[in-house]
Amino acid sequence: MPTAEQALLKDIRELIARPSISSVSPDWDQSNERVIEFLAERFSSRGFRVDVQPLDTPGKSNLVATLGAGEGGLVLSGHTDTVPCDPGLWHSDPFEVQERGQKLYGLGTADMKSFFALVLAATDGLRAEQLKHPLVVLATADEESSMRGARALARAGAPLGRHAVIGEPTSLRPVRLHKGILMERIRVIGRSGHSSNPALGNNALEGMHAVIAALLTWRSDLEGRAQDPDFEVPVTTMNLGRISGGDNPNRICGQCELDVDLRMLPGMQCAPLRTELRELVAEVLRGIGLDSAFDALFEGVDPMTTPAVAPIVKATEALTGAPAGAVAYGTEAPYLTQLGMDVVVLGPGAIDQAHQPDEYLALDGIEPGVEILRALIRQFCLQAD
């Protein structure tokens with residue numbers, strides 16, 4: 001009979017062996033059904049009530065697995081998808097876990113399929129009749145591309161629990177704050193013509209020059225609106241990430257595009273900032289007779305803030321010996337917050353391993369991760385208030 005450690009490692013291998021890439025590019029995008037099927041079978045065999053919830057995109061589903069009944073309780077949440085990868089940059093098959101130097105290599109080992117294997121280990125032997133409050137395991141689709149799964153849950157509005165842990169890789173240090181993020185494509189629309197006579201057209205590239213100047217001024221304004229010393233970069237940031245325009249040096253540029261990334265502090269929200277950005281650009285271009293158009297490359301995730309006094313924050317700080325911190329990347333936490341949960345992000349693995357060739361999970365984070373989950377289940381599900 002396999003040991004608990006062998007069973008856990010087998011679950012990790014099974015999860016990694018089931019590709020579930022999500023991408024904004026249809027050429028890369030895949031179903032997550034094989035991962036959902038695996039989790040549904042494993043949690044069902046543990047006595048969980050399993051609800052597989054198909055989304056509005058074929059081949060995409062969320063899973064909600066519940067043990068026990070009643071109000072409150074604990075939600076352990078993760079996403080089933082991974083980013084795309086280039087196998088040629090890996091030293092082993094991304095979909096076959098390889099153990100080397102006390103590390104498990106494979107796509108999703110850190111970000112974040114292995115978390116589900118830790119949850120399975122932590123719930124081994126747990127029975128519904130033991131629970132004073134329910135335990136819910138949540139597995140979502142498309143976190144890496146559109147947040148489609150988490151958005152669907154937030155729209156449905158069904159309560160899931162009171163306290164939540166999202167198992168993203170944080171090196172087992174709790175996170176209670178993260179920045180919001182949106183990505184926008186700005187398009188300047190001019191009029192092309194022969195370069196020998198500027199009057200024959202209206203140069204979109206020159207218009208974009210004016211837009212960039214205005215955006216840099218706006219960025220300075222955003223930086224001055226608020227600071228939060230909990231973050232490594234304590235201000236709202238804006239990155240000008242890609243620019244493209246024109247087709248030939250002897251032709252007046254008729255169109256130019258700029259892609260920007262905006263990461264805002266807690267207290268700010270995506271929708272108002274997107275509106276402000278668009279209005280600023282449109283105003284600049286109206287003054288020089290150019291048109292504008294916009295595409296939301298990423299709809300956006302609002303910042304996360306969980307109060308420092310929340311029980312889940314205090315519990316994870318006590319269990320890890322680390323103060324709850326802040327990160328600049330986004331998670332599904334804001335959507336769980338909309339459902340009435342206090343959320344902490346906490347999981348094994350390091351975030352600098354995410355989205356990298358030769359992604360790995362260090363073995364020394366597995367047993368402590370399982371013990372933290374067991375302790376949280378005891379506190380929030382097995383003990384009466």
# chains A, B, ... in the order shown; residues from 1 in each chain; ligands from 1
call {"tool": "select_by_dssp", "arguments": {"residues": "range 46-254 of chain A", "states": "helix (DSSP H, G or I)", "output": "ChimeraX atom specification"}}
result
/A:87-89,114-122,128-130,148-156,198-200,204-225
call {"tool": "write_last_selection", "arguments": {"atoms": "N, CA and C atoms", "output": "short mmCIF file (atom, residue, chain, number, x, y, z; two decimals), in the first residue's frame"}}
result
data_model
loop_
_atom_site.label_atom_id
_atom_site.label_comp_id
_atom_site.auth_asym_id
_atom_site.auth_seq_id
_atom_site.Cartn_x
_atom_site.Cartn_y
_atom_site.Cartn_z
N PRO A 87 8.22 23.67 -25.01
CA PRO A 87 8.97 22.50 -24.52
C PRO A 87 10.44 22.51 -24.91
N GLY A 88 10.79 23.19 -26.00
CA GLY A 88 12.18 23.24 -26.42
C GLY A 88 13.09 23.97 -25.46
N LEU A 89 12.50 24.80 -24.58
CA LEU A 89 13.29 25.53 -23.59
C LEU A 89 13.44 24.77 -22.28
N SER A 114 -0.10 21.63 -8.01
CA SER A 114 0.32 20.83 -6.86
C SER A 114 -0.48 21.16 -5.62
N PHE A 115 -1.02 22.36 -5.53
CA PHE A 115 -1.81 22.74 -4.36
C PHE A 115 -2.97 21.78 -4.14
N PHE A 116 -3.59 21.32 -5.23
CA PHE A 116 -4.71 20.40 -5.08
C PHE A 116 -4.25 19.07 -4.48
N ALA A 117 -3.05 18.63 -4.82
CA ALA A 117 -2.52 17.40 -4.23
C ALA A 117 -2.30 17.58 -2.73
N LEU A 118 -1.84 18.76 -2.32
CA LEU A 118 -1.68 19.04 -0.89
C LEU A 118 -3.03 19.04 -0.18
N VAL A 119 -4.05 19.59 -0.83
CA VAL A 119 -5.39 19.60 -0.24
C VAL A 119 -5.90 18.17 -0.08
N LEU A 120 -5.68 17.32 -1.10
CA LEU A 120 -6.09 15.93 -0.99
C LEU A 120 -5.39 15.24 0.18
N ALA A 121 -4.11 15.51 0.35
CA ALA A 121 -3.37 14.92 1.47
C ALA A 121 -3.91 15.42 2.81
N ALA A 122 -4.22 16.71 2.87
CA ALA A 122 -4.68 17.31 4.13
C ALA A 122 -6.07 16.83 4.52
N ALA A 128 -17.41 13.95 7.02
CA ALA A 128 -18.36 15.05 7.10
C ALA A 128 -18.92 15.22 8.51
N GLU A 129 -19.17 14.11 9.20
CA GLU A 129 -19.78 14.20 10.54
C GLU A 129 -18.84 14.83 11.57
N GLN A 130 -17.56 14.95 11.25
CA GLN A 130 -16.62 15.60 12.17
C GLN A 130 -16.73 17.13 12.11
N ARG A 148 -12.08 33.72 -16.31
CA ARG A 148 -13.45 33.34 -16.66
C ARG A 148 -14.14 32.56 -15.54
N GLY A 149 -13.43 31.63 -14.95
CA GLY A 149 -14.04 30.82 -13.90
C GLY A 149 -14.42 31.62 -12.68
N ALA A 150 -13.51 32.44 -12.19
CA ALA A 150 -13.78 33.25 -11.00
C ALA A 150 -14.87 34.28 -11.27
N ARG A 151 -14.87 34.86 -12.46
CA ARG A 151 -15.91 35.84 -12.80
C ARG A 151 -17.28 35.18 -12.79
N ALA A 152 -17.36 33.95 -13.30
CA ALA A 152 -18.65 33.24 -13.31
C ALA A 152 -19.15 32.99 -11.90
N LEU A 153 -18.25 32.63 -11.00
CA LEU A 153 -18.66 32.42 -9.61
C LEU A 153 -19.17 33.71 -8.98
N ALA A 154 -18.47 34.81 -9.24
CA ALA A 154 -18.89 36.08 -8.67
C ALA A 154 -20.25 36.51 -9.22
N ARG A 155 -20.48 36.28 -10.52
CA ARG A 155 -21.78 36.63 -11.11
C ARG A 155 -22.90 35.78 -10.50
N ALA A 156 -22.63 34.50 -10.29
CA ALA A 156 -23.65 33.62 -9.72
C ALA A 156 -24.03 34.04 -8.30
N PRO A 198 3.56 66.55 -46.10
CA PRO A 198 2.86 66.25 -44.85
C PRO A 198 1.38 66.63 -44.87
N ALA A 199 1.00 67.58 -45.69
CA ALA A 199 -0.39 68.02 -45.74
C ALA A 199 -1.31 66.95 -46.34
N LEU A 200 -0.73 65.94 -46.97
CA LEU A 200 -1.56 64.90 -47.58
C LEU A 200 -2.12 63.92 -46.54
N ALA A 204 -0.24 59.38 -37.53
CA ALA A 204 -0.64 58.72 -36.29
C ALA A 204 0.53 58.50 -35.35
N LEU A 205 1.73 58.32 -35.91
CA LEU A 205 2.91 58.12 -35.07
C LEU A 205 3.23 59.38 -34.28
N GLU A 206 3.11 60.53 -34.95
CA GLU A 206 3.33 61.79 -34.23
C GLU A 206 2.24 62.00 -33.18
N GLY A 207 1.01 61.57 -33.50
CA GLY A 207 -0.06 61.64 -32.50
C GLY A 207 0.24 60.78 -31.30
N MET A 208 0.81 59.59 -31.54
CA MET A 208 1.15 58.73 -30.42
C MET A 208 2.24 59.34 -29.56
N HIS A 209 3.13 60.10 -30.18
CA HIS A 209 4.15 60.82 -29.40
C HIS A 209 3.48 61.74 -28.39
N ALA A 210 2.44 62.45 -28.82
CA ALA A 210 1.71 63.33 -27.90
C ALA A 210 0.98 62.52 -26.83
N VAL A 211 0.45 61.37 -27.22
CA VAL A 211 -0.25 60.51 -26.25
C VAL A 211 0.73 60.03 -25.18
N ILE A 212 1.91 59.57 -25.59
CA ILE A 212 2.89 59.06 -24.64
C ILE A 212 3.30 60.15 -23.65
N ALA A 213 3.49 61.36 -24.15
CA ALA A 213 3.84 62.47 -23.25
C ALA A 213 2.75 62.68 -22.21
N ALA A 214 1.50 62.63 -22.65
CA ALA A 214 0.38 62.82 -21.72
C ALA A 214 0.30 61.65 -20.72
N LEU A 215 0.56 60.43 -21.20
CA LEU A 215 0.50 59.27 -20.31
C LEU A 215 1.59 59.32 -19.25
N LEU A 216 2.78 59.78 -19.62
CA LEU A 216 3.86 59.87 -18.64
C LEU A 216 3.55 60.92 -17.56
N THR A 217 2.90 62.00 -17.97
CA THR A 217 2.46 63.00 -16.99
C THR A 217 1.40 62.40 -16.07
N TRP A 218 0.46 61.63 -16.66
CA TRP A 218 -0.60 60.99 -15.88
C TRP A 218 -0.01 59.96 -14.92
N ARG A 219 1.03 59.24 -15.39
CA ARG A 219 1.68 58.27 -14.52
C ARG A 219 2.25 58.95 -13.28
N SER A 220 2.89 60.07 -13.47
CA SER A 220 3.43 60.81 -12.32
C SER A 220 2.31 61.24 -11.37
N ASP A 221 1.18 61.64 -11.96
CA ASP A 221 0.02 62.02 -11.14
C ASP A 221 -0.47 60.82 -10.32
N LEU A 222 -0.57 59.64 -10.96
CA LEU A 222 -1.01 58.44 -10.26
C LEU A 222 -0.06 58.08 -9.13
N GLU A 223 1.23 58.20 -9.38
CA GLU A 223 2.22 57.88 -8.35
C GLU A 223 2.07 58.79 -7.14
N GLY A 224 1.63 60.01 -7.39
CA GLY A 224 1.49 60.97 -6.30
C GLY A 224 0.17 60.88 -5.55
N ARG A 225 -0.79 60.14 -6.09
CA ARG A 225 -2.10 60.07 -5.43
C ARG A 225 -2.08 59.26 -4.15
#
call {"tool": "residues_around", "arguments": {"residues": "Cys85 in chain A", "least_positions_apart": "6", "cutoff": "9 Å", "atoms": "only C-alpha atoms", "output": "ChimeraX atom specification"}}
result
/A:21,94,107,355-357
call {"tool": "residues_around", "arguments": {"residues": "range 63-77 of chain A", "least_positions_apart": "4", "cutoff": "8 Å", "atoms": "only C-alpha atoms", "output": "count of residues only"}}
result
37
call {"tool": "closest_atom_pairs", "arguments": {"of": "range 156-263 of chain A", "to": "range 317-323 of chain A", "cutoff": "8 Å", "atoms": "only C-alpha atoms", "output": "CSV"}}
result
residue,atom,partner,partner_atom,distance
A:Leu172,CA,A:Thr320,CA,7.1
A:Arg173,CA,A:Ala322,CA,6.1
A:Pro174,CA,A:Glu317,CA,6.7
call {"tool": "write_last_selection", "arguments": {"atoms": "N, CA and C atoms", "output": "PDB file, in the first residue's frame"}}
result
ATOM      1  N   LEU A 172       4.967  29.809   1.092  1.00  0.00           N
ATOM      2  CA  LEU A 172       4.278  29.574   2.366  1.00  0.00           C
ATOM      3  C   LEU A 172       4.326  30.789   3.287  1.00  0.00           C
ATOM      4  N   ARG A 173       4.280  31.967   2.702  1.00  0.00           N
ATOM      5  CA  ARG A 173       4.153  33.204   3.462  1.00  0.00           C
ATOM      6  C   ARG A 173       2.815  33.833   3.093  1.00  0.00           C
ATOM      7  N   PRO A 174       1.985  34.189   4.073  1.00  0.00           N
ATOM      8  CA  PRO A 174       0.643  34.692   3.759  1.00  0.00           C
ATOM      9  C   PRO A 174       0.677  36.066   3.098  1.00  0.00           C
TER      10      PRO A 174
END
call {"tool": "atom_distance", "arguments": {"atom1": "CA of Pro58 in chain A", "atom2": "CA of Glu33 in chain A"}}
result
9.7 Å
call {"tool": "select_by_dssp", "arguments": {"residues": "range 109-269 of chain A", "states": "strand (DSSP E)", "output": "PyMOL selection string"}}
result
chain A and resi 135-140+163-166+175-178+180-189+237-245+255-264
call {"tool": "closest_residue", "arguments": {"among": "A:Gly78, A:Gly180, A:Gly330, A:Pro348", "to": "Gly267 in chain A", "atoms": "only C-alpha atoms"}}
result
A:Gly180
call {"tool": "residues_around", "arguments": {"residues": "Leu240 in chain A", "least_positions_apart": "3", "cutoff": "7 Å", "atoms": "only C-alpha atoms", "output": "JSON, numbers by chain"}}
result
{"A": [259, 260, 261]}
call {"tool": "write_last_selection", "arguments": {"atoms": "C-alpha atoms", "output": "PDB file, in the first residue's frame"}}
result
ATOM      1  CA  ASP A 259      -0.037  48.503 -25.238  1.00  0.00           C
ATOM      2  CA  VAL A 260       0.108  49.536 -21.592  1.00  0.00           C
ATOM      3  CA  ASP A 261       0.038  47.679 -18.281  1.00  0.00           C
TER       4      ASP A 261
END
call {"tool": "residues_around", "arguments": {"residues": "Ala362 in chain A", "least_positions_apart": "2", "cutoff": "10 Å", "atoms": "only C-alpha atoms", "output": "PyMOL selection string"}}
result
chain A and resi 99-105+109-110+171+348-350+360+364-366
call {"tool": "atom_distance", "arguments": {"atom1": "CA of Met238 in chain A", "atom2": "CA of Met147 in chain A"}}
result
21.3 Å
call {"tool": "closest_atom_pairs", "arguments": {"of": "range 102-202 of chain A", "to": "range 290-301 of chain A", "cutoff": "9 Å", "atoms": "only C-alpha atoms", "output": "tab-separated table"}}
result
residue	atom	partner	partner_atom	distance
A:Ser145	CA	A:Phe298	CA	8.0
A:Ser146	CA	A:Phe298	CA	6.9
A:Met147	CA	A:Val301	CA	8.5
A:Lys179	CA	A:Val301	CA	8.6
A:Gly180	CA	A:Val301	CA	5.3
A:Ile181	CA	A:Val301	CA	5.4
A:Leu182	CA	A:Gly300	CA	4.2
A:Met183	CA	A:Phe298	CA	5.0
A:Glu184	CA	A:Ala296	CA	4.7
A:Arg185	CA	A:Asp295	CA	5.0
A:Ile186	CA	A:Phe294	CA	4.9
A:Arg187	CA	A:Ala293	CA	5.0
A:Val188	CA	A:Ser292	CA	4.8
A:Ile189	CA	A:Asp291	CA	5.0
A:Gly190	CA	A:Leu290	CA	5.5
A:Arg191	CA	A:Leu290	CA	8.4
A:Asn202	CA	A:Leu290	CA	7.4
call {"tool": "atom_distance", "arguments": {"atom1": "CA of Glu276 in chain A", "atom2": "CA of Glu257 in chain A"}}
result
18.3 Å
call {"tool": "closest_residue", "arguments": {"among": "A:Leu277, A:Ile312, A:Leu258, A:Ala4", "to": "Gln379 in chain A", "atoms": "only C-alpha atoms"}}
result
A:Ile312
call {"tool": "residues_around", "arguments": {"residues": "Glu144 in chain A", "least_positions_apart": "2", "cutoff": "10 Å", "atoms": "only C-alpha atoms", "output": "MDAnalysis selection string"}}
result
chainID A and resid 21:24 79:84 111 141:142 146:148 331 355
call {"tool": "residues_around", "arguments": {"residues": "Ser192 in chain A", "least_positions_apart": "2", "cutoff": "9 Å", "atoms": "only C-alpha atoms", "output": "JSON, numbers by chain"}}
result
{"A": [190, 194, 195, 200, 201, 202, 203, 204, 246, 251, 252, 253, 254, 255]}
call {"tool": "closest_residue", "arguments": {"among": "A:Thr305, A:Asn62, A:Gln30, A:Asn248", "to": "Val327 in chain A", "atoms": "only C-alpha atoms"}}
result
A:Thr305
call {"tool": "decode", "arguments": {"residues": "range 301-325 of chain A", "atoms": "C-alpha atoms", "output": "mmCIF file, in the first residue's frame"}}
result
data_model
loop_
_atom_site.group_PDB
_atom_site.id
_atom_site.type_symbol
_atom_site.label_atom_id
_atom_site.label_comp_id
_atom_site.auth_asym_id
_atom_site.auth_seq_id
_atom_site.Cartn_x
_atom_site.Cartn_y
_atom_site.Cartn_z
ATOM 1 C CA VAL A 301 -8.576 42.480 -11.720
ATOM 2 C CA ASP A 302 -9.208 44.905 -8.903
ATOM 3 C CA PRO A 303 -6.815 45.098 -5.951
ATOM 4 C CA MET A 304 -7.211 42.769 -2.982
ATOM 5 C CA THR A 305 -7.351 43.965 0.597
ATOM 6 C CA THR A 306 -8.086 41.667 3.512
ATOM 7 C CA PRO A 307 -8.107 43.364 6.931
ATOM 8 C CA ALA A 308 -5.099 42.638 9.091
ATOM 9 C CA VAL A 309 -7.456 41.632 11.928
ATOM 10 C CA ALA A 310 -9.359 39.032 9.857
ATOM 11 C CA PRO A 311 -9.280 35.584 11.527
ATOM 12 C CA ILE A 312 -7.795 33.905 8.418
ATOM 13 C CA VAL A 313 -4.961 36.457 8.395
ATOM 14 C CA LYS A 314 -4.230 35.962 12.076
ATOM 15 C CA ALA A 315 -4.381 32.181 11.711
ATOM 16 C CA THR A 316 -1.995 31.995 8.764
ATOM 17 C CA GLU A 317 0.432 34.412 10.411
ATOM 18 C CA ALA A 318 0.473 32.253 13.547
ATOM 19 C CA LEU A 319 0.966 29.032 11.578
ATOM 20 C CA THR A 320 3.756 30.343 9.356
ATOM 21 C CA GLY A 321 5.467 32.748 11.751
ATOM 22 C CA ALA A 322 5.429 35.360 8.982
ATOM 23 C CA PRO A 323 3.488 38.631 8.786
ATOM 24 C CA ALA A 324 0.932 38.809 6.000
ATOM 25 C CA GLY A 325 2.448 40.773 3.134
#
